[in-house]
Structure formats: C-alpha cells, structure tokens
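Below is one structure; the comments refer to it alone.
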Amino acid sequence: MTSENAPAPGSEITLRVNGKPHTLYVDHRRVLLDLLREDLGLTGAKKGCDHGQCGACTVLAGGRRLNSCLLLAVTLDGAEVTTVEGLGGDGEETHPLQRAFLDRDAFQCGYCTPGQLCSAVGMLAEAAAGHPSHVTDPAAPSGRPVALDRPEIRERMSGNLCRCGAYPGIVAAVEDVIE
Amino acid sequence: MNGFGYLRPTTLQEAAEAYAAHPGARYLAGGTNLVDLMKLGVERPAFLVDVGALPLDGIEELPNGSLRAGATVRNSDLAADPRVRDRYPALSQALLAGASGQLRNAATTGGNLLQRTRCPYFQALDKPCNKRDPGSGCGALEGVHRDHAVLGWSERCVATHPSDMAVALAALDAEVELYGTDGTRSMPVADFHRLPGEHPERDTEIRPGEIVTGVLLPAATAGMPSAYRKARDRASYAFALASVAVVLRLADGAIEHVGLAFGGLAHKPWRARRAEEALRGAAPTPAALERAVDLELAAARPLEENAYKVPLARNLALDVLGRLAPAPAVA
Ligand SMILES: Cc1cc2nc3c(=O)[nH]c(=O)nc-3n(C[C@H](O)[C@H](O)[C@H](O)COP(=O)(O)OP(=O)(O)OC[C@H]3O[C@@H](n4cnc5c(N)ncnc54)[C@H](O)[C@@H]3O)c2cc1C
Ligand code: SF4
Ligand code: FES
Ligand code: FES
C-alpha cells in the first residue's frame with residue numbers, strides 16, 4: 001500500500017508528441033492515454049473502454065498503431081508519438097484520410113473517429129510493408145505489399161469499434177485514400 | 001491501482017536479479033494483459049521489470065534449420081515474418097486470428113504464452129475464483145460457463161487458455177525456452193501449460209522469476225503443410241470458442257506425420273494425441289479422419305452451457321484435416 005505521505009513511485013521521461021519534445025515526471029501508473037489527455041491537453045485520443053476492447057484510444061507510437069490505454073507511459077521514454085492532432089503535420093492542414101472521412105460521412109457522433117483515423121494510417125503502412133491479415137490468402141507471396149480490398153480493410157480495422165455503425169463510410173473513406 | 005517501482009534492464013541477469021530482489025515483482029512485456037489486469041485489481045505488482053530492452057527481439061535461423069523467435073518479438077512481426085509464413089503457416093494464421101491489429105503490435109511472444117484466462121469470474125474481484133483466490137470456489141462451474149472448458153477441467157476450475165498462438169505452437173512441436181537464476185531450460189509448448197487439477201492458480205510450469213526468452217520452431221515441422229481455423233462469436237477481434245491447428249504430411253497416400261491441437265476447449269492447448277495415434281500411417285479417408293477425431297473428443301465432459309463446443313471442434317478439425325489431407329481418389 002502506498003501511504004498517504006509517500007509519493008507513488010514515478011520517473012522522468014522525455015517523449016516527442018506530434019514532433020514536440022516533452023519532458024515530464026510520470027507516476028508509473030500513468031498510461032499514455034491519460035498522459036496525452038490530462039497532462040498535455042491533447043484530448044483527440046478518446047477513452048472508450050480503457051481495456052483494449054474498442055480502439056478509441058489508438059495512437060501511433062514508434063510508427064505503429066497502439067492502444068494507448070494499455071501502454072504505461074514510463075515505458076515510452078524516448079518514443080515518438082503521433083495523435084490525431086498531429087496527423088496533418090504541424091499546420092492546420094488535414095490529412096488526406098481526414099478529408100476522405102468528411103467526404104464519405106464516415107462518422108456520426110465522432111467519438112471513435114480519432115482512433116479510426118490513427119488506426120487506418122497505421123494499417124495502411126502495415127499493408128504496404130507486406131504484413132498479412134487474417135483474410136489474406138495464405139498462398140500470397142510473403143513480404144510484398146498487400147492489396148487492400150474491402151474484406152482486407154474491414155478485417156484490418158476490426159480493432160476499432162463504432163457504436164454509431166459508420167462502418168460503410170469508414171471503409172469507403174479508406175478506399176478513397178488507397179486509390 | 002497501487003504504486004509500483006519500475007526498471008527496464010538490458011541483460012537477462014539484471015532482470016532476474018531485479019525480480020528476485022523485489023517481492024511482488026512481475027515482468028512487463030507489451031502490457032496488453034498485465035496492465036488490463038492491474039486496472040481490474042486482479043494483478044497488484046509492487047514492482048515491474050520491463051523485458052522490453054532485453055536482447056530478445058529477434059527471429060533467427062539456427063544451423064540445424066530451426067527458427068527461434070525471441071520473447072519480445074511482437075505478434076504482428078512474428079505473423080508477418082516470411083520464414084514463419086512459408087514454413088509454419090499455422091503459426092502465422094493463429095497469430096492473425098487473435099486480438100486486433102493494434103493489440104498484435106504490442107503483444108509479444110512471451111506475453112502471449114503467459115496471458116491469463118478471460119474467465120469473467122477471474123476478472124471480477126467480487127466473485128469467487130480458485131485461480132485468482134485459491135480456495136474461494138469456482139464461480140463459473142455453477143454459473144455462466146458457455147465459453148469454458150469441455151476437456152481436462154477439474155471441480156476447482158473450468159477455465160480455458162485464451163491464446164491462439166500457443167495452439168499452433170503446440171501442434172508444431174515448438175519448445176519454449178526459459179532463463180532463470182539457476183540456468184536455462186526448455187520444454188515443449190504442449191507441456192508448458194497445465195491442466196487445472198488441484199492448483200488452477202498455476203497456469204504453466206514456469207518457476208517464479210523465470211523469464212521466457214523465446215520459442216523454438218523445430219526443423220522437423222518446417223515446411224510441412226499446416227493450418228489454423230478458429231470459430232468465434234464475431235468475424236474478428238474475439239476470442240476462440242473453439243479452434244484447431246493441424247500440421248500434416250502425407251507419404252505414399254498415408255499420413256506420415258500429424259500434429260493436431262485444439263484451442264478454446266481446455267485449460268491448455270489440447271494436443272490430440274489419441275487422434276494423432278489413430279491417424280499415423282492411415283490413409284486419410286473421411287471415415288478414418290472422423291474416427292480419429294471422435295476418439296479424441298470422446299473424453300469431452302461438457303458443462304451445462306457449452307455442449308455445442310464438441311460438435312464445433314469436431315467440424316473444425318475435420319475441415320482442416322480434410323483440406324491438408326485430401327481423401328484418396330476412389331480407384
Ligand atoms: C480486447 C482483447 C482481445 C484479445 N483477443 C485475443 C485473441 O483473440 N486471441 C489471443 O490469443 N489473444 C487475444 N488477446 C490477448 C493478447 O494476445 C495478450 O494480451 C498478449 O498476447 C499478451 O502479451 P503482452 O506482451 O502484452 O503481455 P503482458 O501483458 O506484458 O504480460 C502478460 C503476462 O506474461 C508475463 N510475461 C510477459 N513476458 C514475459 C517474459 N518474457 N518472461 C516471463 N514472463 C513474461 C507477464 O508478467 C504477465 O503475467 C486479446 C487481448 C485483448 C485486450
Ligand atoms: S473457471 Fe477457473 S478462472 Fe473461472 S471462476 Fe472458476 S476457478 Fe476462476
Ligand atoms: S480505450 Fe483503449 S481500447 Fe478502448
Ligand atoms: S461515429 Fe459514433 S462511435 Fe463511431
């Protein structure tokens with residue numbers, strides 16, 4: 001038990017978020033999602049379930065899409081993190097995928113959208129790097145970029161739930177940026 | 001959640017020493033299971049030893065033709081490795097059938113093997129559970145147990161092991177490699193997980209403080225036809241109700257080698273030794289396959305809510321066996 005006087009153990013870490021370096025002292029219990037939202041005021045990444053079951057908290061860390069609700073911040077010293085706020089670069093520009101989400105009406109309430117966007121960006125890089133999915137033909141040659149048809153997009157985006165059921169628009173928006 | 005100390009060592013020795021020096025320590029890998037359980041209060045470590053900076057993140061080919069996957073290799077990278085995809089397709093397929101893209105990017109080989117059961121009573125502190133709190137009873141036995149075991153369970157615990165990856169590893173005759181302060185050892189993955197018996201609090205044969213350093217995929221099953229099939233409540237991002245991994249090679253129209261393992265049916269990946277024995281040397285006729293699978297599943301003792309798992313597992317096994325060993329043409 002932590003007594004009331006003794007501070008909970010923590011460590012100083014430095015991480016870059018959307019290109020900006022931040023040095024902070026973090027309680028070891030801090031997960032990246034709470035660090036982003038509470039300590040840095042970046043409220044784009046959302047807390048849906050807090051247990052890895054919905055994908056609303058998805059961000060890119062070290063270039064990979066991850067559930068920030070299950071990532072202890074202390075493990076990320078030196079890491080490069082990109083949130084939905086940073087997808088378009090430093091300016092006010094929108095990422096092509098954000099544009100496509102608008103064009104395709106790929107959301108209703110928008111709560112899942114930041115996670116969907118970060119997840120899709122990570123997913124496109126995985127497919128380009130030749131990562132197979134559950135629906136990829138096992139006989140397809142290893143190590144080559146995987147062409148993304150609708151079943152591939154749906155399977156690869158299955159870690160992002162949308163309570164409003166905007167799935168058809170989400171799949172269409174992802175298809176738009178592939179073409 | 002209580003506070004805890006944290007260390008990210010770079011050598012195995014430092015890691016094992018840190019674990020030994022801190023009562024209530026746990027190893028942390030991707031955190032996708034451990035951090036979840038810490039939020040639920042099921043795990044309350046006083047200290048975390050992060051294995052993320054240990055030199056265990058490679059997939060290397062050994063001179064004898066086997067392949068070693070380090071404990072901290074991410075599930076997504078292991079599934080995508082061309083050598084794994086080409087030589088051990090069941091392993092790649094099993095990994096890709098598990099969790100989500102995001103989770104597989106964090107989850108590691110070691111953490112996947114050691115993930116805890118998804119039994120809802122185990123995850124709820126206000127419910128009895130012998131695995132979490134030995135002697136408190138098994139909430140699932142008389143409660144909700146649609147997802148629970150049909151093979152090898154005990155009155156103490158009817159939980160299943162949730163890993164897809166481990167089922168493929170068991171069928172492929174893979175070994176798990178361990179490092180401890182007493183030295184290194186290895187054992188077949190099929191023997192690593194335990195049946196619950198009197199001690200459901202022990203999931204595996206790992207000793208306190210031991211580190212999983214990797215899994216060894218043997219040369220013997222490299223390149224053999226293999227496949228994984230999983231049944232779940234939705235098409236993706238759900239645990240197995242039942243699953244099957246099969247490794248099978250024919251020679252002169254007869255089954256020369258077969259490894260068959262079930263997931264979702266027991267407290268461990270269930271290696272179907274009886275079925276394998278019945279199949280070895282046999283021609284893969286539909287009748288022979290059915291007889292062998294039925295022989296194995298005759299040992300099933302379904303609970304009130306999960307009898308569906310027996311025909312489900314049977315159909316999965318017959319489908320995959322039939323695909324890997326097409327029935328001989330009728331002369
Ligand atoms: C929503 C959700 C859905 C999921 N669906 C599936 C699914 O369909 N199929 C499936 O198979 N899995 C599924 N998973 C589980 C997932 O695969 C595991 O959580 C993951 O593999 C655990 O790996 P990790 O590296 O994150 O382990 P951690 O959470 O870091 O650790 C897990 C355990 O292993 C121990 N440990 C880790 N590494 C070592 C080591 N090297 N030596 C000794 N001990 C170690 C830790 O102390 C801890 O007890 C799901 C998880 C979630 C949250
Ligand atoms: S099945 Fe096992 S894990 Fe689930 S409540 Fe019973 S003892 Fe606990
Ligand atoms: S909030 Fe992280 S997955 Fe739901
Ligand atoms: S738009 Fe509402 S949850 Fe997806």
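Residues are referred to by chain and number: the chain letter is A, B, ... according to the order shown in the structure tokens, the number counts from 1 in that chain, and ligands are numbered separately from 1 in the order shown.
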For chain A, which residues have at least one atom within 7 Å of chain B, if we go by only C-alpha atoms? Write them as a list in words, please. Met1, Thr2, Ala8, Pro9, His28, Arg29, His51, Arg64, Arg65, Leu66, Asn67, Leu70, Leu71, His131, Pro132, Ser133, His134, Ser142, Gly143, Glu155, Arg156, Ser158 and Gly159 of chain A
Taking only C-alpha atoms and all ligand atoms into account, which residues have an atom no farther than 12 Å from ligand 2? I'd like them as a PyMOL selection string. chain B and resi 42+116-150+153-162+195-203+266-267+303
Write down as a list in words the residues of chain A whose backbone DSSP state falls under strand (DSSP E or B). Gly10, Ser11, Glu12, Ile13, Thr14, Leu15, Arg16, Val17, Lys20, Pro21, His22, Thr23, Leu24, Tyr25, Val26, Asp27, Val31, Thr58, Val59, Leu60, Ala61, Arg64, Arg65, Leu66, Asn67, Leu72, Glu80, Val81 and Thr82 of chain A
Store the residues picked out above, limited to C-alpha atoms, as a compact mmCIF listing (two decimals), in the first residue's frame.
# COMPACT_ATOMS: atom_id res chain seq x y z
CA GLY A 10 7.44 7.76 -10.73
CA SER A 11 10.14 8.58 -13.25
CA GLU A 12 11.14 11.39 -15.55
CA ILE A 13 10.66 10.64 -19.23
CA THR A 14 11.09 12.54 -22.47
CA LEU A 15 8.91 11.83 -25.43
CA ARG A 16 8.06 13.63 -28.65
CA VAL A 17 4.40 14.12 -29.30
CA LYS A 20 7.28 18.45 -29.96
CA PRO A 21 9.55 17.20 -27.17
CA HIS A 22 8.07 16.96 -23.67
CA THR A 23 9.95 16.11 -20.51
CA LEU A 24 7.69 15.13 -17.66
CA TYR A 25 7.68 13.31 -14.38
CA VAL A 26 5.18 10.48 -14.63
CA ASP A 27 3.60 8.34 -11.95
CA VAL A 31 -0.96 5.21 -19.20
CA THR A 58 -5.48 4.36 -30.83
CA VAL A 59 -2.39 6.50 -31.50
CA LEU A 60 0.85 5.91 -33.38
CA ALA A 61 3.95 5.29 -31.28
CA ARG A 64 2.89 1.68 -35.10
CA ARG A 65 -0.73 1.91 -34.13
CA LEU A 66 -1.25 1.00 -30.48
CA ASN A 67 -3.97 1.15 -27.84
CA LEU A 72 2.37 2.59 -19.48
CA GLU A 80 7.87 9.38 -30.93
CA VAL A 81 4.08 9.60 -30.60
CA THR A 82 1.58 10.86 -33.17
